[in-house]
Structure formats: C-alpha cells, structure tokens
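The file entry34.txt contains compact mmCIF, C-alpha atoms:
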# COMPACT_ATOMS: atom_id res chain seq x y z
CA MET C 137 -33.29 94.41 -86.54
CA SER C 138 -32.67 91.45 -88.82
CA LEU C 139 -33.67 87.88 -88.00
CA LYS C 140 -29.99 87.00 -87.69
CA GLU C 141 -29.41 89.82 -85.19
CA LYS C 142 -32.47 88.80 -83.18
CA TYR C 143 -31.24 85.23 -83.06
CA GLY C 144 -27.80 86.39 -81.91
CA LEU C 145 -29.35 88.53 -79.17
CA ILE C 146 -31.53 85.67 -77.94
CA LEU C 147 -28.51 83.37 -77.89
CA CYS C 148 -26.49 85.88 -75.85
CA LEU C 149 -29.33 86.32 -73.38
CA SER C 150 -29.68 82.57 -73.03
CA VAL C 151 -25.96 82.20 -72.26
CA LEU C 152 -26.15 84.99 -69.68
CA ILE C 153 -29.17 83.38 -68.02
CA VAL C 154 -27.35 80.03 -67.78
CA ILE C 155 -24.25 81.72 -66.32
CA PHE C 156 -26.31 83.76 -63.86
CA ALA C 157 -28.26 80.69 -62.79
CA GLY C 158 -24.99 78.85 -62.17
CA CYS C 159 -23.67 81.71 -60.05
CA THR C 160 -26.83 81.97 -57.99
CA LYS C 161 -27.30 78.24 -57.45
CA GLU C 162 -28.52 77.73 -53.90
CA LYS C 163 -26.09 76.07 -51.53
CA SER C 164 -26.84 72.63 -50.18
CA PRO C 165 -27.88 72.22 -46.50
CA VAL C 166 -24.42 70.81 -45.76
CA GLU C 167 -22.75 73.89 -47.28
CA LYS C 168 -25.09 76.20 -45.39
CA MET C 169 -24.36 74.36 -42.14
CA TYR C 170 -20.65 74.69 -42.81
CA ASP C 171 -20.99 78.43 -43.35
CA VAL C 172 -22.85 78.85 -40.07
CA LEU C 173 -20.30 76.86 -38.06
CA GLU C 174 -17.37 78.75 -39.55
CA LYS C 175 -19.03 82.11 -38.89
CA VAL C 176 -19.48 81.06 -35.28
CA VAL C 177 -15.71 80.61 -35.05
CA SER C 178 -15.17 84.13 -36.40
CA ALA C 179 -17.80 85.58 -34.05
CA GLU C 180 -15.99 84.14 -31.03
CA LYS C 181 -12.61 85.56 -31.97
CA GLU C 182 -13.06 88.51 -29.62
CA PHE C 183 -14.13 86.11 -26.87
CA GLU C 184 -10.81 84.30 -27.17
CA GLU C 185 -8.87 87.57 -27.24
CA GLN C 186 -10.16 88.46 -23.75
CA GLN C 187 -8.92 85.28 -22.05
CA ASN C 188 -5.25 86.10 -21.45
CA PRO C 189 -5.83 89.76 -20.43
CA LEU C 190 -8.56 88.62 -18.02
CA VAL C 191 -6.29 86.04 -16.39
CA THR C 192 -3.51 88.66 -16.11
CA LEU C 193 -5.83 91.10 -14.31
CA GLU C 194 -7.06 88.36 -11.99
CA LYS C 195 -3.47 87.54 -11.01
CA LYS C 196 -2.75 91.23 -10.35
CA GLU C 197 -5.80 91.47 -8.10
CA LYS C 198 -4.72 88.33 -6.21
CA ASP C 199 -1.25 89.83 -5.65
CA ILE C 200 -2.83 93.01 -4.27
CA TYR C 201 -5.06 90.99 -1.94
CA ASP C 202 -2.04 89.07 -0.63
CA GLN C 203 -0.15 92.34 -0.04
CA ILE C 204 -3.05 93.86 1.90
CA ILE C 205 -3.39 90.78 4.11
CA LYS C 206 0.30 91.06 5.06
CA LEU C 207 0.07 94.75 5.94
CA GLY C 208 -0.89 95.94 9.42
CA MET C 209 -3.19 98.88 10.13
CA LYS C 210 -0.12 101.06 10.79
CA GLU C 211 0.29 101.04 7.01
CA TYR C 212 -3.29 102.19 6.44
CA ASP C 213 -2.37 104.60 3.63
CA GLN C 214 -0.76 101.79 1.68
CA ILE C 215 -3.83 99.61 2.26
CA VAL C 216 -6.07 102.36 0.86
CA LYS C 217 -3.82 102.80 -2.16
CA LEU C 218 -3.76 99.07 -2.90
CA SER C 219 -7.52 98.76 -2.36
CA ASP C 220 -8.17 101.55 -4.88
CA GLU C 221 -5.93 99.76 -7.39
CA ALA C 222 -7.87 96.53 -6.88
CA ILE C 223 -11.19 98.34 -7.39
CA LEU C 224 -9.91 99.75 -10.69
CA LEU C 225 -8.81 96.25 -11.71
CA ALA C 226 -12.32 94.98 -10.98
CA ASP C 227 -13.72 97.61 -13.35
CA GLU C 228 -11.22 96.57 -16.04
CA ARG C 229 -12.15 92.93 -15.57
CA LYS C 230 -15.83 93.80 -15.91
CA ALA C 231 -15.11 95.60 -19.21
CA LEU C 232 -13.29 92.52 -20.55
CA MET C 233 -16.11 90.24 -19.43
CA GLU C 234 -18.60 92.47 -21.26
CA LYS C 235 -16.54 92.16 -24.46
CA GLU C 236 -16.35 88.39 -23.99
CA THR C 237 -20.10 88.15 -23.46
CA ASN C 238 -20.92 90.33 -26.46
CA SER C 239 -18.78 88.03 -28.59
CA ILE C 240 -20.67 84.99 -27.31
CA LYS C 241 -23.98 86.71 -28.08
CA GLU C 242 -22.83 87.38 -31.65
CA SER C 243 -21.86 83.73 -31.88
CA GLN C 244 -25.34 82.72 -30.74
CA LYS C 245 -26.98 84.96 -33.35
CA GLU C 246 -25.02 83.13 -36.03
CA PHE C 247 -25.46 79.66 -34.61
CA ILE C 248 -29.23 79.97 -34.21
CA LYS C 249 -29.42 79.91 -38.02
CA ALA C 250 -28.45 76.24 -37.89
CA ARG C 251 -31.88 75.43 -36.46
CA GLY C 252 -33.56 75.92 -39.82
CA ILE C 253 -30.82 74.10 -41.73
CA LYS C 254 -30.09 70.92 -39.76
CA ASP C 255 -33.49 69.35 -40.39
CA LYS C 256 -33.00 69.68 -44.15
CA LEU C 257 -29.92 67.45 -44.17
CA GLU C 258 -30.60 64.34 -46.20
CA ASP C 259 -28.06 62.06 -44.52
CA ARG C 260 -29.57 60.50 -41.39
CA ASP C 261 -26.24 60.28 -39.57
CA LEU C 262 -25.50 63.92 -40.39
CA THR C 263 -28.91 64.97 -39.11
CA LYS C 264 -28.28 63.10 -35.85
CA LEU C 265 -24.88 64.76 -35.42
CA ALA C 266 -26.28 68.19 -36.28
CA ASN C 267 -29.06 67.81 -33.70
CA GLU C 268 -26.58 66.76 -31.02
CA LEU C 269 -24.28 69.61 -32.02
CA TYR C 270 -27.15 72.09 -31.74
CA GLU C 271 -28.24 70.87 -28.30
CA ILE C 272 -24.70 71.00 -26.92
CA MET C 273 -24.07 74.50 -28.23
CA MET C 274 -27.33 75.88 -26.85
CA GLU C 275 -26.43 74.42 -23.46
CA ARG C 276 -23.02 76.06 -23.81
CA TYR C 277 -24.64 79.46 -24.34
CA LYS C 278 -26.74 78.94 -21.21
CA ALA C 279 -23.60 77.96 -19.30
CA HIS C 280 -21.83 81.13 -20.33
CA GLU C 281 -24.82 83.23 -19.28
CA ALA C 282 -24.62 81.62 -15.83
CA LEU C 283 -20.86 82.23 -15.76
CA TYR C 284 -21.39 85.88 -16.69
CA LEU C 285 -23.89 86.41 -13.86
CA GLU C 286 -21.70 84.69 -11.27
CA TYR C 287 -18.58 86.54 -12.39
CA ASN C 288 -20.32 89.91 -12.13
CA GLU C 289 -21.50 88.98 -8.65
CA ALA C 290 -17.91 88.11 -7.73
CA LEU C 291 -16.68 91.46 -9.04
CA LYS C 292 -19.30 93.28 -6.98
CA ASN C 293 -18.22 91.37 -3.86
CA ASP C 294 -14.57 92.08 -4.67
CA LYS C 295 -15.21 95.81 -4.73
CA GLU C 296 -17.18 95.62 -1.47
CA LEU C 297 -14.26 93.82 0.17
CA TYR C 298 -11.72 96.45 -0.89
CA GLU C 299 -14.02 99.23 0.31
CA MET C 300 -14.12 97.42 3.65
CA PHE C 301 -10.32 97.32 3.78
CA LYS C 302 -10.37 101.13 3.68
CA ASN C 303 -12.53 101.30 6.81
CA LYS C 304 -10.33 101.61 9.90
CA ASN C 305 -13.18 100.80 12.25
CA LEU C 306 -14.50 97.78 10.41
CA PRO C 307 -15.33 94.87 12.78
CA LEU C 308 -13.23 91.80 12.05
CA GLU C 309 -16.31 89.56 11.90
CA ASP C 310 -17.75 91.71 9.07
CA LEU C 311 -14.54 91.33 7.10
CA GLU C 312 -14.50 87.58 7.65
CA ALA C 313 -18.13 87.34 6.55
CA GLN C 314 -17.34 89.21 3.33
CA VAL C 315 -14.34 86.98 2.61
CA ASN C 316 -16.48 83.88 3.12
CA LYS C 317 -19.16 85.34 0.85
CA LEU C 318 -16.54 86.06 -1.79
CA ASN C 319 -15.06 82.58 -1.56
CA ALA C 320 -18.51 81.05 -2.04
CA THR C 321 -19.11 83.26 -5.08
CA TYR C 322 -15.80 82.31 -6.68
CA LYS C 323 -16.56 78.65 -6.09
CA ARG C 324 -19.72 79.12 -8.16
CA VAL C 325 -17.70 80.98 -10.79
CA TYR C 326 -15.26 78.07 -10.94
CA ASN C 327 -18.06 75.52 -11.31
CA ALA C 328 -19.79 77.59 -13.99
CA ASN C 329 -16.53 77.97 -15.87
CA GLU C 330 -15.82 74.23 -15.65
CA LYS C 331 -19.25 73.47 -17.11
CA PHE C 332 -18.73 75.97 -19.92
CA ASN C 333 -15.31 74.51 -20.77
CA MET C 334 -16.70 70.96 -20.72
CA LEU C 335 -19.49 71.90 -23.14
CA THR C 336 -17.00 73.74 -25.36
CA GLU C 337 -14.89 70.59 -25.58
CA GLN C 338 -17.98 68.47 -26.33
CA TYR C 339 -19.06 70.90 -29.02
CA ASN C 340 -15.64 70.88 -30.69
CA ASP C 341 -15.55 67.08 -30.69
CA LYS C 342 -19.07 66.83 -32.11
CA LYS C 343 -18.30 69.47 -34.73
CA LEU C 344 -15.22 67.51 -35.83
CA SER C 345 -17.37 64.36 -36.15
CA PHE C 346 -19.90 66.31 -38.23
CA TYR C 347 -17.18 67.65 -40.53
CA LYS C 348 -15.69 64.17 -41.00
CA GLN C 349 -19.08 62.64 -41.75
CA ALA C 350 -19.88 65.42 -44.23
CA GLY C 351 -16.39 65.35 -45.83
CA LEU C 352 -15.73 68.94 -44.73
CA LYS C 353 -12.57 70.62 -43.51
CA SER C 354 -12.50 73.51 -41.07
CA SER C 355 -10.71 76.60 -42.33
CA LYS C 356 -10.07 77.72 -38.73

Could you write out this file's structure as structure tokens?
Amino acid sequence: MSLKEKYGLILCLSVLIVIFAGCTKEKSPVEKMYDVLEKVVSAEKEFEEQQNPLVTLEKKEKDIYDQIIKLGMKEYDQIVKLSDEAILLADERKALMEKETNSIKESQKEFIKARGIKDKLEDRDLTKLANELYEIMMERYKAHEALYLEYNEALKNDKELYEMFKNKNLPLEDLEAQVNKLNATYKRVYNANEKFNMLTEQYNDKKLSFYKQAGLKSSK
C-alpha cells in the first residue's frame, strides 16, 4: 500500500471516528430526565385505559345492588341470578384493577431511574424541582398501593355480600353488618383514591414547572 493510500485510509478512519463519536455523545442530565419522565407517561397508558371500563362496571354493580334491594324474597330466583351477575362483575373489576396496577408498577420501574439522574443536574433550581418531583411521585406510588389493597378488600366484601343475598335463611342483622362493613371499606377506597388523585395533580404541576425551567416541551 502506498503512502498516499495509507494517508487516505487514516483520513477516512478519522472521519468515521468523529462521526461515530458525535452519534454516541452522551445525553445531558436534563435530556436523560426528560426521557425518563416521558417514558413514565407511556408506561401509564394502560392505567388510563382501565379508568372508563372500571367506572362502567362499578355502575352496573350498583344498579344490580339497587335491583336486589327492591326485590322481595318471593323473587328469590331473580335475586340469585342478579347476585351471580354481580359476583362476575367483581371478578371483571379485579382483572381491570390488576392491569391498572401492573401499569403503575411499570411506571415506577421507569421513574426510579430518575434517582440517579436528578442529583447530576447543574442548575440549582432544576435540582430542587427534580427532588420535589421525585418525592411526590414516590408518595403517589405508595398511595396507589394503598388504593389497590383497599379496592381488593372492597371486592372481597362485595362478593361476600352477594353470596349472602343467595341465602334464604340469612339473619337480617348479619346482612346489615356486612353492608356496614362494605360501606366502611368503600369509604377507605374513596379516601385512598382522593389522595392518589391529589398527588397525581401535584406531580403534573411540578413536572410542568420542571419542563418550563429546563426549556422542555412534553410530547404527550
């Protein structure tokens, strides 16, 4: 190989190295943080998709409950039929809640990556916002875990109630006790859901502040 050819080869290799280095340039902490936050949005897509179907099933179950309350024991067969429908609805609701929870867990897997990024931010205000954002979101995950546990307890109590409706010889005081137990459970579900929604709103507001401070724009 001639000297000229060697020089040409070295030049080509040098150009390729420069191009490759440009392509593999490490992202800044701000860019990495942005990627994490946007992936969290994608991870929670399935969570959002469960909301309307879940509300629809809850309304159906409430309608069935109201129908059963209006029926007398002379229409026992109809009560059994409606109770079985409500039990099936409880199983469907549980399946949707599992999907919702799995989506939140995927979101948490993505978001946890922010822990190693936020402290590398050079802007002091950005670091403060990122820390606040992180704390809020971790509290939000805890709130959803509490919601998940309370909701499953409510579903279990729902099914117990409808099994009771199918018992002709069930004492009235036992039925009343179960209804009171169920009402108390759903009150806890409501409170847990309110806390989760509040933290979600706080997170979204803090995320918007972070994006504005960093000069970023959400693609979602």

- Sel. within 9 Å of pt (-17.8, 84.9, -15.6), counting all atoms listed in the file, output as an MDAnalysis selection string: chainID C and resid 233 237 280:290 325:326 328:329

- Task: Could you tell me how far CA of Arg276 (chain C) lies from CA of Phe346 (chain C), in Å and to one decimal?
- Result: 17.7 Å

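Using only C-alpha atoms, the smallest distance between any of C:Leu311, C:Leu352, C:Leu318, C:Ala279 and Lys331 (chain C) comes from C:Ala279.
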
- Between C:Ile205, C:Leu257, C:Val191, C:Ile200, which is the closest to Lys168 (chain C) once you count only C-alpha atoms? C:Leu257

- Using only C-alpha atoms, which of C:Ile253, C:Val315, C:Ala222, C:Val216 sits nearest Tyr201 (chain C)? C:Ala222

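Relative to CA of Asn327 (chain C), CA of Glu275 (chain C) is found at 14.8 Å.
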
Test item: which residues lie within 12 Å of (-16.0, 96.1, -16.1) counting all atoms listed in the file, as a PDB file with C-alpha atoms, keeping the file's coordinate frame:
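Done, and the output landed in selection.pdb:
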ATOM      1  CA  LEU C 190      -8.560  88.620 -18.020  1.00  0.00           C
ATOM      2  CA  LEU C 193      -5.830  91.100 -14.310  1.00  0.00           C
ATOM      3  CA  ILE C 223     -11.190  98.340  -7.390  1.00  0.00           C
ATOM      4  CA  LEU C 224      -9.910  99.750 -10.690  1.00  0.00           C
ATOM      5  CA  LEU C 225      -8.810  96.250 -11.710  1.00  0.00           C
ATOM      6  CA  ALA C 226     -12.320  94.980 -10.980  1.00  0.00           C
ATOM      7  CA  ASP C 227     -13.720  97.610 -13.350  1.00  0.00           C
ATOM      8  CA  GLU C 228     -11.220  96.570 -16.040  1.00  0.00           C
ATOM      9  CA  ARG C 229     -12.150  92.930 -15.570  1.00  0.00           C
ATOM     10  CA  LYS C 230     -15.830  93.800 -15.910  1.00  0.00           C
ATOM     11  CA  ALA C 231     -15.110  95.600 -19.210  1.00  0.00           C
ATOM     12  CA  LEU C 232     -13.290  92.520 -20.550  1.00  0.00           C
ATOM     13  CA  MET C 233     -16.110  90.240 -19.430  1.00  0.00           C
ATOM     14  CA  GLU C 234     -18.600  92.470 -21.260  1.00  0.00           C
ATOM     15  CA  LYS C 235     -16.540  92.160 -24.460  1.00  0.00           C
ATOM     16  CA  GLU C 236     -16.350  88.390 -23.990  1.00  0.00           C
ATOM     17  CA  THR C 237     -20.100  88.150 -23.460  1.00  0.00           C
ATOM     18  CA  TYR C 284     -21.390  85.880 -16.690  1.00  0.00           C
ATOM     19  CA  TYR C 287     -18.580  86.540 -12.390  1.00  0.00           C
ATOM     20  CA  ASN C 288     -20.320  89.910 -12.130  1.00  0.00           C
ATOM     21  CA  GLU C 289     -21.500  88.980  -8.650  1.00  0.00           C
ATOM     22  CA  ALA C 290     -17.910  88.110  -7.730  1.00  0.00           C
ATOM     23  CA  LEU C 291     -16.680  91.460  -9.040  1.00  0.00           C
ATOM     24  CA  LYS C 292     -19.300  93.280  -6.980  1.00  0.00           C
ATOM     25  CA  LYS C 295     -15.210  95.810  -4.730  1.00  0.00           C
TER      26      LYS C 295
END

Could you work out an axis-aligned bounding box for all listed atoms of region 246-254 of chain C, with 5 Å added on each of the six sides, and give its centre and edge lengths in Å to one decimal, as JSON?
{"center_x": -29.3, "center_y": 77.0, "center_z": -38.0, "size_x": 18.5, "size_y": 22.2, "size_z": 17.5}

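Of the residues under consideration (C:Glu182, C:Glu242, C:Glu221, C:Asp255), C:Asp255 shows the shortest atom-to-atom contact distance to Pro165 (chain C) when counting all atoms listed in the file.
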
- Item | Proximity to Ile204 (chain C) - best of C:Arg260, C:Met300, C:Leu306, C:Asn293, all atoms listed in the file |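 For Ile204 (chain C), the nearest of the candidates is C:Met300.
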
- Task: Tell me which of C:Lys302, C:Lys348, C:Arg324, C:Arg251 sits closest to Ile215 (chain C), counting only C-alpha atoms.
- Result: C:Lys302
